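Structure below is data.txt: compact mmCIF, C-alpha atoms and all ligand atoms.
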```
# COMPACT_ATOMS: atom_id res chain seq x y z
CA MET A 1 13.82 6.33 46.34
CA VAL A 2 13.14 5.46 42.73
CA ALA A 3 11.05 2.38 42.00
CA PRO A 4 10.28 1.14 38.48
CA ALA A 5 6.68 0.99 37.27
CA PRO A 6 5.65 -0.42 33.87
CA LYS A 7 4.08 1.87 31.34
CA ILE A 8 2.33 0.62 28.20
CA VAL A 9 4.07 2.12 25.16
CA TYR A 10 1.87 0.37 22.61
CA GLN A 11 -1.16 -1.89 22.67
CA ARG A 12 -3.62 -3.20 20.09
CA PRO A 13 -6.19 -0.49 19.25
CA ALA A 14 -9.79 -1.02 20.42
CA SER A 15 -11.17 -0.35 16.91
CA LEU A 16 -9.39 -3.47 15.66
CA ALA A 17 -11.33 -6.70 16.16
CA THR A 18 -9.60 -9.59 17.92
CA ARG A 19 -10.03 -11.88 14.88
CA VAL A 20 -6.81 -13.11 13.24
CA THR A 21 -6.57 -11.78 9.67
CA HIS A 22 -6.19 -14.03 6.62
CA TYR A 23 -3.52 -11.74 5.15
CA CYS A 24 -0.20 -13.31 4.19
CA PRO A 25 2.63 -12.88 6.73
CA GLY A 26 4.20 -9.44 6.35
CA CYS A 27 1.46 -8.02 4.07
CA THR A 28 1.08 -4.32 4.84
CA HIS A 29 -2.70 -4.45 4.39
CA GLY A 30 -2.45 -5.24 8.12
CA VAL A 31 -0.46 -2.08 8.84
CA ALA A 32 -3.09 -0.01 7.02
CA HIS A 33 -5.85 -1.64 9.09
CA ARG A 34 -3.96 -0.95 12.29
CA LEU A 35 -3.43 2.72 11.43
CA ILE A 36 -7.12 3.26 10.63
CA ALA A 37 -8.06 1.64 13.96
CA GLU A 38 -5.57 3.78 15.87
CA VAL A 39 -6.92 6.97 14.26
CA LEU A 40 -10.56 6.04 14.94
CA ASP A 41 -9.62 5.39 18.58
CA GLU A 42 -7.76 8.69 18.92
CA MET A 43 -10.60 10.69 17.34
CA GLY A 44 -13.27 8.82 19.32
CA LEU A 45 -15.13 7.98 16.10
CA ARG A 46 -15.55 4.21 16.47
CA GLU A 47 -19.20 4.26 17.53
CA LYS A 48 -20.27 6.34 14.53
CA THR A 49 -18.04 4.95 11.80
CA ILE A 50 -19.24 2.82 8.88
CA GLY A 51 -16.61 1.18 6.66
CA VAL A 52 -17.22 -0.05 3.12
CA ALA A 53 -15.13 -3.08 2.18
CA PRO A 54 -14.03 -3.81 -1.41
CA VAL A 55 -13.45 -6.93 -3.44
CA GLY A 56 -9.79 -7.94 -3.30
CA CYS A 57 -7.59 -9.32 -0.55
CA SER A 58 -9.27 -6.92 1.87
CA VAL A 59 -12.73 -8.29 1.06
CA PHE A 60 -13.01 -9.49 4.67
CA ALA A 61 -12.05 -6.11 6.16
CA TYR A 62 -15.49 -6.07 7.79
CA ASN A 63 -14.36 -8.93 10.03
CA TYR A 64 -11.27 -7.15 11.23
CA PHE A 65 -12.63 -3.88 12.60
CA ASN A 66 -14.59 -3.34 15.75
CA HIS A 67 -17.07 -0.95 14.13
CA ASP A 68 -19.88 -1.13 11.56
CA TYR A 69 -18.99 -2.32 8.07
CA VAL A 70 -20.70 -3.20 4.82
CA GLU A 71 -19.44 -5.01 1.74
CA ALA A 72 -19.65 -3.47 -1.75
CA ALA A 73 -19.59 -5.05 -5.18
CA HIS A 74 -16.18 -4.87 -6.90
CA GLY A 75 -15.20 -1.23 -7.41
CA ARG A 76 -18.49 0.16 -6.16
CA ALA A 77 -17.44 1.10 -2.62
CA PRO A 78 -17.47 4.88 -3.35
CA ALA A 79 -21.03 4.63 -4.72
CA MET A 80 -22.18 2.67 -1.68
CA ALA A 81 -20.38 5.06 0.67
CA THR A 82 -22.07 7.98 -1.11
CA GLY A 83 -25.51 6.53 -0.42
CA ILE A 84 -24.74 5.78 3.22
CA LYS A 85 -23.22 9.21 3.88
CA ARG A 86 -26.12 11.06 2.23
CA VAL A 87 -28.71 9.13 4.24
CA LEU A 88 -26.70 9.26 7.48
CA PRO A 89 -24.67 12.49 7.22
CA GLN A 90 -23.69 12.40 10.91
CA GLN A 91 -21.87 9.10 10.52
CA THR A 92 -18.21 8.84 9.50
CA VAL A 93 -18.02 6.81 6.28
CA TYR A 94 -14.91 5.43 4.62
CA THR A 95 -14.04 2.97 1.90
CA TYR A 96 -11.03 0.67 1.92
CA GLN A 97 -10.00 -0.28 -1.63
CA GLY A 98 -7.18 -1.95 -3.55
CA ASP A 99 -5.78 -0.67 -6.83
CA GLY A 100 -7.65 -3.20 -8.95
CA ASP A 101 -10.87 -2.33 -7.16
CA LEU A 102 -10.39 1.45 -7.25
CA ALA A 103 -8.40 2.15 -10.42
CA SER A 104 -9.65 -0.60 -12.74
CA ILE A 105 -13.21 -1.86 -12.41
CA GLY A 106 -14.11 0.99 -10.01
CA MET A 107 -12.55 3.86 -11.95
CA ALA A 108 -15.89 5.51 -12.78
CA GLU A 109 -17.15 5.36 -9.19
CA ILE A 110 -14.06 6.93 -7.64
CA MET A 111 -13.82 9.71 -10.25
CA HIS A 112 -17.43 10.73 -9.85
CA ALA A 113 -17.42 10.47 -6.05
CA ALA A 114 -14.45 12.88 -6.02
CA ALA A 115 -16.03 15.15 -8.61
CA ARG A 116 -19.24 15.34 -6.59
CA GLY A 117 -17.22 16.21 -3.51
CA GLU A 118 -18.79 13.43 -1.47
CA GLN A 119 -17.94 13.85 2.21
CA ILE A 120 -16.36 10.42 2.44
CA THR A 121 -12.84 9.16 3.10
CA VAL A 122 -11.06 6.64 0.88
CA VAL A 123 -8.10 4.53 1.99
CA PHE A 124 -6.51 3.37 -1.24
CA ILE A 125 -4.05 0.46 -1.07
CA ASN A 126 -1.67 0.57 -4.03
CA ASN A 127 0.32 -2.66 -4.19
CA ALA A 128 0.77 -2.57 -7.99
CA ILE A 129 -0.96 -5.93 -8.44
CA TYR A 130 -4.19 -7.92 -8.13
CA GLY A 131 -3.38 -9.83 -4.94
CA MET A 132 -6.52 -11.84 -4.32
CA THR A 133 -6.82 -13.42 -7.75
CA GLY A 134 -3.22 -14.57 -8.03
CA GLY A 135 -1.03 -11.65 -9.00
CA GLN A 136 -2.35 -10.30 -12.31
CA MET A 137 -1.35 -6.92 -13.74
CA ALA A 138 -3.12 -3.92 -12.23
CA PRO A 139 -3.48 -0.40 -13.66
CA THR A 140 -0.70 0.50 -11.21
CA THR A 141 1.73 -2.27 -12.20
CA LEU A 142 5.19 -0.81 -12.87
CA PRO A 143 6.68 -0.82 -16.40
CA GLY A 144 8.63 -4.05 -16.86
CA MET A 145 7.09 -5.66 -13.77
CA VAL A 146 6.40 -9.37 -14.12
CA THR A 147 2.89 -10.48 -13.17
CA THR A 148 0.91 -13.60 -14.04
CA SER A 149 -0.80 -11.70 -16.87
CA SER A 150 2.37 -9.89 -17.99
CA PRO A 151 4.85 -12.77 -17.77
CA GLY A 152 7.36 -10.97 -19.96
CA GLY A 153 7.07 -7.82 -17.82
CA ARG A 154 4.59 -4.96 -18.36
CA ASP A 155 5.29 -3.67 -21.84
CA VAL A 156 4.01 -0.09 -21.93
CA GLU A 157 3.77 -0.16 -25.75
CA SER A 158 1.01 -2.75 -25.67
CA MET A 159 -0.23 -2.59 -22.05
CA GLY A 160 -0.07 1.12 -21.36
CA PHE A 161 1.39 3.08 -18.49
CA PRO A 162 0.66 2.95 -14.74
CA ILE A 163 -2.13 5.24 -13.55
CA ARG A 164 -1.33 7.73 -10.79
CA MET A 165 -4.67 8.14 -8.98
CA SER A 166 -3.68 10.79 -6.43
CA GLU A 167 -2.43 13.14 -9.14
CA ILE A 168 -5.63 12.64 -11.15
CA LEU A 169 -8.08 13.00 -8.26
CA ALA A 170 -6.29 16.10 -6.94
CA LYS A 171 -7.56 17.88 -10.07
CA MET A 172 -11.16 17.43 -8.96
CA ASP A 173 -12.82 20.52 -7.51
CA GLY A 174 -14.72 18.32 -5.06
CA ALA A 175 -11.57 16.94 -3.45
CA GLY A 176 -10.46 18.39 -0.10
CA TYR A 177 -7.54 16.16 0.83
CA ILE A 178 -5.53 13.90 -1.50
CA VAL A 179 -2.11 12.58 -0.47
CA ARG A 180 0.18 9.63 -1.12
CA ARG A 181 2.15 7.92 1.65
CA SER A 182 4.06 4.64 2.02
CA LEU A 183 4.07 1.80 4.54
CA HIS A 184 7.69 0.66 4.04
CA ASP A 185 9.39 1.86 7.23
CA PRO A 186 8.57 3.25 10.69
CA ALA A 187 8.98 6.94 9.75
CA ASN A 188 6.74 6.58 6.71
CA ILE A 189 4.20 4.54 8.66
CA ARG A 190 3.98 7.41 11.17
CA LYS A 191 3.41 9.87 8.30
CA ALA A 192 0.76 7.56 6.83
CA LYS A 193 -1.09 7.53 10.14
CA LYS A 194 -1.07 11.31 10.33
CA ALA A 195 -2.45 11.46 6.78
CA ILE A 196 -5.28 9.07 7.68
CA ARG A 197 -6.03 11.31 10.65
CA LEU A 198 -6.16 14.40 8.42
CA ALA A 199 -8.37 12.63 5.88
CA PHE A 200 -10.91 11.84 8.61
CA GLU A 201 -10.57 15.42 9.92
CA THR A 202 -11.44 16.60 6.39
CA GLN A 203 -14.62 14.54 6.50
CA GLU A 204 -15.56 15.60 10.04
CA ARG A 205 -15.24 19.24 8.99
CA GLY A 206 -17.21 18.76 5.76
CA LEU A 207 -14.33 19.91 3.57
CA GLY A 208 -14.94 17.52 0.70
CA PHE A 209 -13.77 14.19 -0.63
CA SER A 210 -10.63 12.81 1.04
CA MET A 211 -8.25 10.05 -0.01
CA VAL A 212 -5.01 8.63 1.34
CA GLU A 213 -3.13 6.47 -1.17
CA LEU A 214 -0.81 4.04 0.60
CA LEU A 215 2.03 2.23 -1.18
CA SER A 216 1.67 -1.26 0.23
CA SER A 217 3.47 -4.59 -0.13
CA CYS A 218 2.32 -7.90 -1.60
CA PRO A 219 5.19 -10.23 -0.69
CA THR A 220 3.31 -13.29 -1.96
CA ASN A 221 2.63 -12.15 -5.52
CA TRP A 222 5.79 -10.08 -5.81
CA LYS A 223 7.56 -13.31 -4.78
CA LEU A 224 9.72 -11.50 -2.25
CA THR A 225 10.28 -11.94 1.47
CA PRO A 226 8.29 -9.49 3.62
CA VAL A 227 11.46 -7.49 4.33
CA ASP A 228 12.56 -7.42 0.65
CA ALA A 229 9.04 -6.36 -0.34
CA LEU A 230 9.46 -3.21 1.76
CA THR A 231 12.72 -2.48 -0.09
CA PHE A 232 10.84 -2.94 -3.37
CA ILE A 233 8.37 -0.24 -2.32
CA GLU A 234 11.20 2.14 -1.50
CA ASP A 235 13.40 1.45 -4.55
CA ARG A 236 10.84 0.72 -7.26
CA MET A 237 7.42 2.03 -6.35
CA ILE A 238 8.22 5.43 -4.90
CA PRO A 239 10.04 6.64 -8.06
CA MET A 240 6.89 5.84 -10.07
CA PHE A 241 4.43 6.99 -7.37
CA PRO A 242 6.07 9.96 -5.62
CA LEU A 243 5.00 10.53 -2.04
CA GLY A 244 3.46 13.88 -1.30
CA ASP A 245 0.47 16.13 -0.71
CA TYR A 246 -1.46 16.50 -3.96
CA LYS A 247 -4.32 18.59 -2.61
CA VAL A 248 -4.81 19.86 0.93
CA ASN A 249 -7.65 22.16 1.96
CA ASP A 250 -6.31 25.31 3.71
CA GLU A 251 -8.15 24.55 6.95
CA ILE A 252 -6.52 21.12 7.09
CA ALA A 253 -3.10 22.52 6.14
CA ASN A 254 -3.27 24.79 9.18
CA LEU A 255 -4.62 22.13 11.53
CA ARG A 256 -2.35 20.88 14.33
CA VAL A 257 -3.18 17.37 15.50
CA MET B 258 20.92 3.26 33.71
CA ALA B 259 19.60 2.11 30.32
CA VAL B 260 15.86 2.32 29.83
CA LYS B 261 14.34 -1.09 30.35
CA GLY B 262 11.58 -2.26 28.12
CA TRP B 263 9.95 -5.50 27.11
CA ILE B 264 7.37 -6.86 24.70
CA GLU B 265 4.49 -9.25 24.97
CA VAL B 266 3.82 -11.30 21.83
CA ASN B 267 0.25 -12.37 21.08
CA GLU B 268 0.96 -15.73 19.49
CA LEU B 269 -2.51 -15.97 17.97
CA HIS B 270 -1.72 -12.92 15.83
CA CYS B 271 2.04 -13.21 15.20
CA LYS B 272 2.75 -14.70 11.75
CA GLY B 273 6.53 -14.77 12.07
CA CYS B 274 6.94 -12.35 9.17
CA GLY B 275 10.12 -10.90 10.65
CA LEU B 276 9.35 -7.25 9.90
CA CYS B 277 9.80 -6.35 13.58
CA VAL B 278 13.07 -8.31 13.72
CA ALA B 279 14.45 -6.23 10.84
CA ALA B 280 13.18 -2.96 12.32
CA CYS B 281 14.35 -3.39 15.95
CA PRO B 282 17.11 -0.78 16.52
CA GLN B 283 18.65 -2.84 19.35
CA ASN B 284 18.72 -6.12 17.37
CA VAL B 285 17.26 -8.02 20.30
CA MET B 286 14.37 -9.69 18.46
CA SER B 287 14.38 -12.95 16.52
CA LEU B 288 12.01 -15.72 15.51
CA ASP B 289 11.89 -18.52 18.05
CA MET B 290 12.74 -21.54 15.92
CA ASP B 291 11.95 -23.91 18.82
CA ARG B 292 8.31 -22.86 19.03
CA LEU B 293 5.25 -22.83 16.77
CA THR B 294 2.13 -20.70 17.12
CA PRO B 295 -1.32 -22.37 16.86
CA LYS B 296 -1.25 -21.34 13.17
CA GLY B 297 2.15 -22.95 12.65
CA TYR B 298 4.40 -19.92 12.52
CA HIS B 299 7.60 -19.36 14.49
CA PRO B 300 6.71 -16.49 16.83
CA VAL B 301 9.02 -13.60 17.52
CA HIS B 302 10.73 -13.27 20.91
CA LEU B 303 13.38 -11.22 22.70
CA HIS B 304 16.60 -13.23 22.59
CA ALA B 305 18.81 -10.78 24.50
CA GLU B 306 18.80 -7.98 27.04
CA GLY B 307 18.65 -4.45 25.71
CA CYS B 308 15.02 -3.75 24.74
CA THR B 309 14.38 -0.07 25.48
CA GLY B 310 10.62 -0.23 24.91
CA CYS B 311 10.89 2.15 21.95
CA GLY B 312 7.86 0.60 20.24
CA ILE B 313 9.28 0.54 16.71
CA CYS B 314 8.48 -3.17 16.37
CA ALA B 315 4.82 -2.41 17.08
CA ILE B 316 4.78 0.34 14.44
CA VAL B 317 5.79 -2.07 11.66
CA CYS B 318 3.79 -5.12 12.82
CA PRO B 319 0.97 -5.82 10.31
CA ASP B 320 -0.89 -7.96 12.82
CA ALA B 321 -0.88 -5.77 15.92
CA ALA B 322 0.63 -8.75 17.72
CA LEU B 323 2.87 -6.78 20.04
CA THR B 324 2.26 -4.97 23.31
CA VAL B 325 5.24 -2.86 24.31
CA TYR B 326 6.10 -1.89 27.89
CA ARG B 327 8.70 0.40 29.40
CA GLU B 328 9.81 0.81 32.98
CA VAL B 329 9.46 4.39 34.13
CA PRO B 330 11.14 5.58 37.29
CA VAL B 331 8.61 6.96 39.77
CA LYS B 332 9.13 8.67 43.07
CA ALA B 333 8.26 6.25 45.85
C1 LIG A 401 -17.21 -8.14 -10.98
C2 LIG A 401 -15.95 -8.83 -10.65
N1 LIG A 401 -14.95 -8.88 -11.57
C3 LIG A 401 -13.79 -9.49 -11.27
C4 LIG A 401 -13.60 -10.09 -10.06
C5 LIG A 401 -12.29 -10.79 -9.75
N2 LIG A 401 -11.44 -10.05 -8.83
C6 LIG A 401 -11.46 -10.30 -7.51
S1 LIG A 401 -10.38 -9.36 -6.65
C7 LIG A 401 -9.85 -8.60 -8.06
C8 LIG A 401 -8.77 -7.56 -8.03
C9 LIG A 401 -8.13 -7.38 -6.69
O1 LIG A 401 -7.04 -6.53 -6.75
P1 LIG A 401 -6.88 -5.23 -5.86
O2 LIG A 401 -8.10 -4.42 -5.86
O3 LIG A 401 -5.62 -4.56 -6.30
O4 LIG A 401 -6.73 -5.76 -4.36
P2 LIG A 401 -5.63 -6.69 -3.69
O5 LIG A 401 -6.17 -8.08 -3.76
O6 LIG A 401 -4.33 -6.51 -4.42
O7 LIG A 401 -5.55 -6.19 -2.29
C10 LIG A 401 -10.53 -9.10 -9.18
C11 LIG A 401 -10.27 -8.65 -10.55
C12 LIG A 401 -14.66 -10.04 -9.13
N3 LIG A 401 -14.55 -10.58 -7.91
N4 LIG A 401 -15.81 -9.41 -9.44
S1 LIG A 402 -1.86 -11.87 -1.73
FE1 LIG A 402 -0.64 -10.01 -1.46
S2 LIG A 402 -2.09 -8.35 -0.95
FE2 LIG A 402 -3.14 -10.34 -0.67
S3 LIG A 402 -2.89 -10.82 1.53
FE3 LIG A 402 -1.22 -11.84 0.42
S4 LIG A 402 0.49 -10.39 0.45
FE4 LIG A 402 -1.38 -9.25 0.99
S1 LIG A 403 5.98 -7.99 12.79
FE1 LIG A 403 4.26 -8.82 14.01
S2 LIG A 403 3.56 -10.65 12.89
FE2 LIG A 403 5.60 -10.11 12.08
S3 LIG A 403 7.05 -11.38 13.32
FE3 LIG A 403 6.86 -9.37 14.35
S4 LIG A 403 5.22 -9.66 15.88
FE4 LIG A 403 5.06 -11.36 14.43
```
Here is the file; what I need is its structure written in the form of structure tokens.
Ligand SMILES: Cc1ncc(C[n+]2csc(CCOP(=O)(O)OP(=O)(O)O)c2C)c(N)n1
Ligand code: SF4
Ligand code: SF4
Amino acid sequence: MVAPAPKIVYQRPASLATRVTHYCPGCTHGVAHRLIAEVLDEMGLREKTIGVAPVGCSVFAYNYFNHDYVEAAHGRAPAMATGIKRVLPQQTVYTYQGDGDLASIGMAEIMHAAARGEQITVVFINNAIYGMTGGQMAPTTLPGMVTTSSPGGRDVESMGFPIRMSEILAKMDGAGYIVRRSLHDPANIRKAKKAIRLAFETQERGLGFSMVELLSSCPTNWKLTPVDALTFIEDRMIPMFPLGDYKVNDEIANLRV
Amino acid sequence: MAVKGWIEVNELHCKGCGLCVAACPQNVMSLDMDRLTPKGYHPVHLHAEGCTGCGICAIVCPDAALTVYREVPVKA
């Protein structure tokens, strides 16, 4: 006799707090949060993890995770994470930062943290815009992209070109794991989760600075529906920010998880 | 026999963004236009038979609002 029994295929990860987020409907900041929580659960790291929240839409990240968190000044999360990790080397320390936070006001902090080879992990949300403040141009804004501070579209002659952080940071000797992934469809979300796992594995093994750059949507400031915003990532962002492994330590490259 | 699955929607977390609706390979999800969540969104629901419990909706959900179940045959 065969009788049916229910099996749970997916449930909310324990490392995610029960609080409802303030993110706009369909914003993939939420997907990034979920993936981090799933990885911390799977690696059993929740009790020893300290997150460092940025300034930007994810400024309240500390409310949304069920583990310790601190809040940094705008762009300074890598500096704060450095201090925490050096004082508490047994803890797992990561920053969560937007592109304005990491690549604009926080450019110096991220470059030097990578150069020093700090044993921290960075989750970098690249949504090509300043979300929190109302959709201004970011260092990652695409050429021609309309924002509130580039109403005629980003003109590279006067406003410069987008900055590709993964490519730049991969050149640092202190970096152990630098990759770019995207959150626009299920297959890519799975790959993003694996990358977050490998970034934390890099830290746990003391193999240097690790960063996962995630192409993420901002339906509200892109003025697109949540579904169309995912298409925008695929059609417009990926050509400018190619997905790939920019630096992977040999030990991590050979790791099966 | 087709695999039978079902979802449970946490209506505190669901924001009716529709990403799961677009991702569902069986096209059995839609926003329930007759209902509102406490936050004022139309929550997602299963409107037809055919959910296999694949879990793709949960992979794309930004708000971890979905629990996915699947019936597995067991020897009695
Ligand atoms: C010292 C300082 N300068 C400027 C600001 C204003 N400000 C707040 S968030 C932000 C940028 C946010 O953009 P991003 O980091 O891309 O994150 P997102 O909101 O897109 O997730 C800026 C410039 C601030 N809060 N503090
Ligand atoms: S403004 Fe953009 S980045 Fe910020 S929560 Fe809304 S959709 Fe997300
Ligand atoms: S993806 Fe999540 S938040 Fe969006 S409609 Fe589906 S269940 Fe609701």
Using all atoms listed in the file, find each protein or nucleic acid residue lying at most 8 Å from ligand LIG 402 (chain A); present the set as a compact mmCIF listing (two decimals) with C-alpha atoms, in the frame of the given file.
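Contents of part_16.txt, as written:
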```
# COMPACT_ATOMS: atom_id res chain seq x y z
CA HIS A 22 -6.19 -14.03 6.62
CA TYR A 23 -3.52 -11.74 5.15
CA CYS A 24 -0.20 -13.31 4.19
CA PRO A 25 2.63 -12.88 6.73
CA GLY A 26 4.20 -9.44 6.35
CA CYS A 27 1.46 -8.02 4.07
CA THR A 28 1.08 -4.32 4.84
CA HIS A 29 -2.70 -4.45 4.39
CA GLY A 56 -9.79 -7.94 -3.30
CA CYS A 57 -7.59 -9.32 -0.55
CA SER A 58 -9.27 -6.92 1.87
CA ASN A 127 0.32 -2.66 -4.19
CA ILE A 129 -0.96 -5.93 -8.44
CA TYR A 130 -4.19 -7.92 -8.13
CA GLY A 131 -3.38 -9.83 -4.94
CA MET A 132 -6.52 -11.84 -4.32
CA THR A 133 -6.82 -13.42 -7.75
CA GLY A 134 -3.22 -14.57 -8.03
CA GLY A 135 -1.03 -11.65 -9.00
CA SER A 217 3.47 -4.59 -0.13
CA CYS A 218 2.32 -7.90 -1.60
CA PRO A 219 5.19 -10.23 -0.69
CA THR A 220 3.31 -13.29 -1.96
CA ASN A 221 2.63 -12.15 -5.52
CA TRP A 222 5.79 -10.08 -5.81
```
As AutoDock Vina command-line options: centre and edge lengths in Å, one decimal, of the axis-aligned box holding ligand LIG 403 (chain A) with 5 Å per side:
```
--center_x 5.3 --center_y -9.7 --center_z 14.0 --size_x 13.5 --size_y 13.4 --size_z 13.8
```
Which residues come within 10 Å of Cys271 of chain B, counting only C-alpha atoms, excluding same-chain residues fewer than 5 positions away, as an MDAnalysis selection string? (chainID A and resid 20 25:26) or (chainID B and resid 266 294:296 298:301 318:323)
Please indicate the distance in Å from atom CA of Arg236 of chain A to atom CA of Thr148 of chain A, rounded to one decimal place. 18.7 Å
Pick out the chain B residues within 6 Å of chain A. Count only C-alpha atoms. Give them as a PyMOL selection string. chain B and resi 270+272+274+276+319-321+324-333
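Taking atom CA of Thr82 of chain A as the reference point, atom CA of Gln119 of chain A is found at 7.9 Å.
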Nearest-residue call for Thr141 of chain A, choices A:Met159, A:Ile36, A:Ala128, A:Ala72, using only C-alpha atoms: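 Selected residue with least distance to Thr141 of chain A: A:Ala128.
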Out of A:Ile120, A:Pro151, A:Val59, A:Met43, which residue has the shortest atom-to-atom distance to Met80 of chain A when counting all atoms listed in the file?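 Closest to Met80 of chain A of all the choices is A:Ile120.
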What is the distance between atom CA of Asn249 of chain A and atom CA of Ile196 of chain A, in Å to one decimal?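 According to the coordinates, atom CA of Asn249 of chain A and atom CA of Ile196 of chain A are separated by 14.5 Å.
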Need to verify the contact set: segment 287-290 of chain B, 8 Å, all atoms listed in the file, exclusion of same-chain residues closer than 2 positions in sequence. Can you return it as number ranges by chain? B: 273, 275, 278, 285, 292-293, 299-304
Within 8 Å of segment 108-115 of chain A, counting all atoms listed in the file, which residues qualify if same-chain residues fewer than 3 places away don't, as a PDB file with C-alpha atoms, keeping the file's coordinate frame?
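Now in out-v4.pdb:
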```pdb
ATOM      1  CA  GLY A  75     -15.200  -1.230  -7.410  1.00  0.00           C
ATOM      2  CA  ARG A  76     -18.490   0.160  -6.160  1.00  0.00           C
ATOM      3  CA  ALA A  77     -17.440   1.100  -2.620  1.00  0.00           C
ATOM      4  CA  PRO A  78     -17.470   4.880  -3.350  1.00  0.00           C
ATOM      5  CA  ALA A  79     -21.030   4.630  -4.720  1.00  0.00           C
ATOM      6  CA  THR A  82     -22.070   7.980  -1.110  1.00  0.00           C
ATOM      7  CA  LEU A 102     -10.390   1.450  -7.250  1.00  0.00           C
ATOM      8  CA  ALA A 103      -8.400   2.150 -10.420  1.00  0.00           C
ATOM      9  CA  ILE A 105     -13.210  -1.860 -12.410  1.00  0.00           C
ATOM     10  CA  GLU A 118     -18.790  13.430  -1.470  1.00  0.00           C
ATOM     11  CA  LEU A 169      -8.080  13.000  -8.260  1.00  0.00           C
ATOM     12  CA  MET A 172     -11.160  17.430  -8.960  1.00  0.00           C
ATOM     13  CA  ASP A 173     -12.820  20.520  -7.510  1.00  0.00           C
ATOM     14  CA  GLY A 174     -14.720  18.320  -5.060  1.00  0.00           C
ATOM     15  CA  ALA A 175     -11.570  16.940  -3.450  1.00  0.00           C
ATOM     16  CA  PHE A 209     -13.770  14.190  -0.630  1.00  0.00           C
TER      17      PHE A 209
END
```
Find, counting all atoms listed in the file, the residue in B:Ala259, B:Asn267, B:Gln283, B:Ala305 that gets nearest to ligand LIG 403 (chain A).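 Smallest distance to ligand LIG 403 (chain A) is found for B:Asn267.
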Would you kindly return, as a list in words, each protein, DNA or RNA residue with an atom no farther than 7 Å from any atom of Tyr96 of chain A, considering only C-alpha atoms and excluding same-chain residues fewer than 2 positions away?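 Result of the neighbour search: Val52, Ala53, Pro54, Tyr94, Val122, Val123 and Phe124 of chain A.
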With distances taken over all atoms listed in the file, which residue among A:Gly176, A:Leu198, A:Ala37, A:Gly244 lies nearest Gly117 of chain A?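 That would be A:Gly176, the residue with the smallest distance to Gly117 of chain A.
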Need to verify the contact set: Arg205 of chain A, 10 Å, only C-alpha atoms, exclusion of same-chain residues closer than 4 positions in sequence. Can you return it as a list in words?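 Listed by chain and then number, they are Gln119, Phe200, Glu201, Glu251 and Ile252 of chain A.
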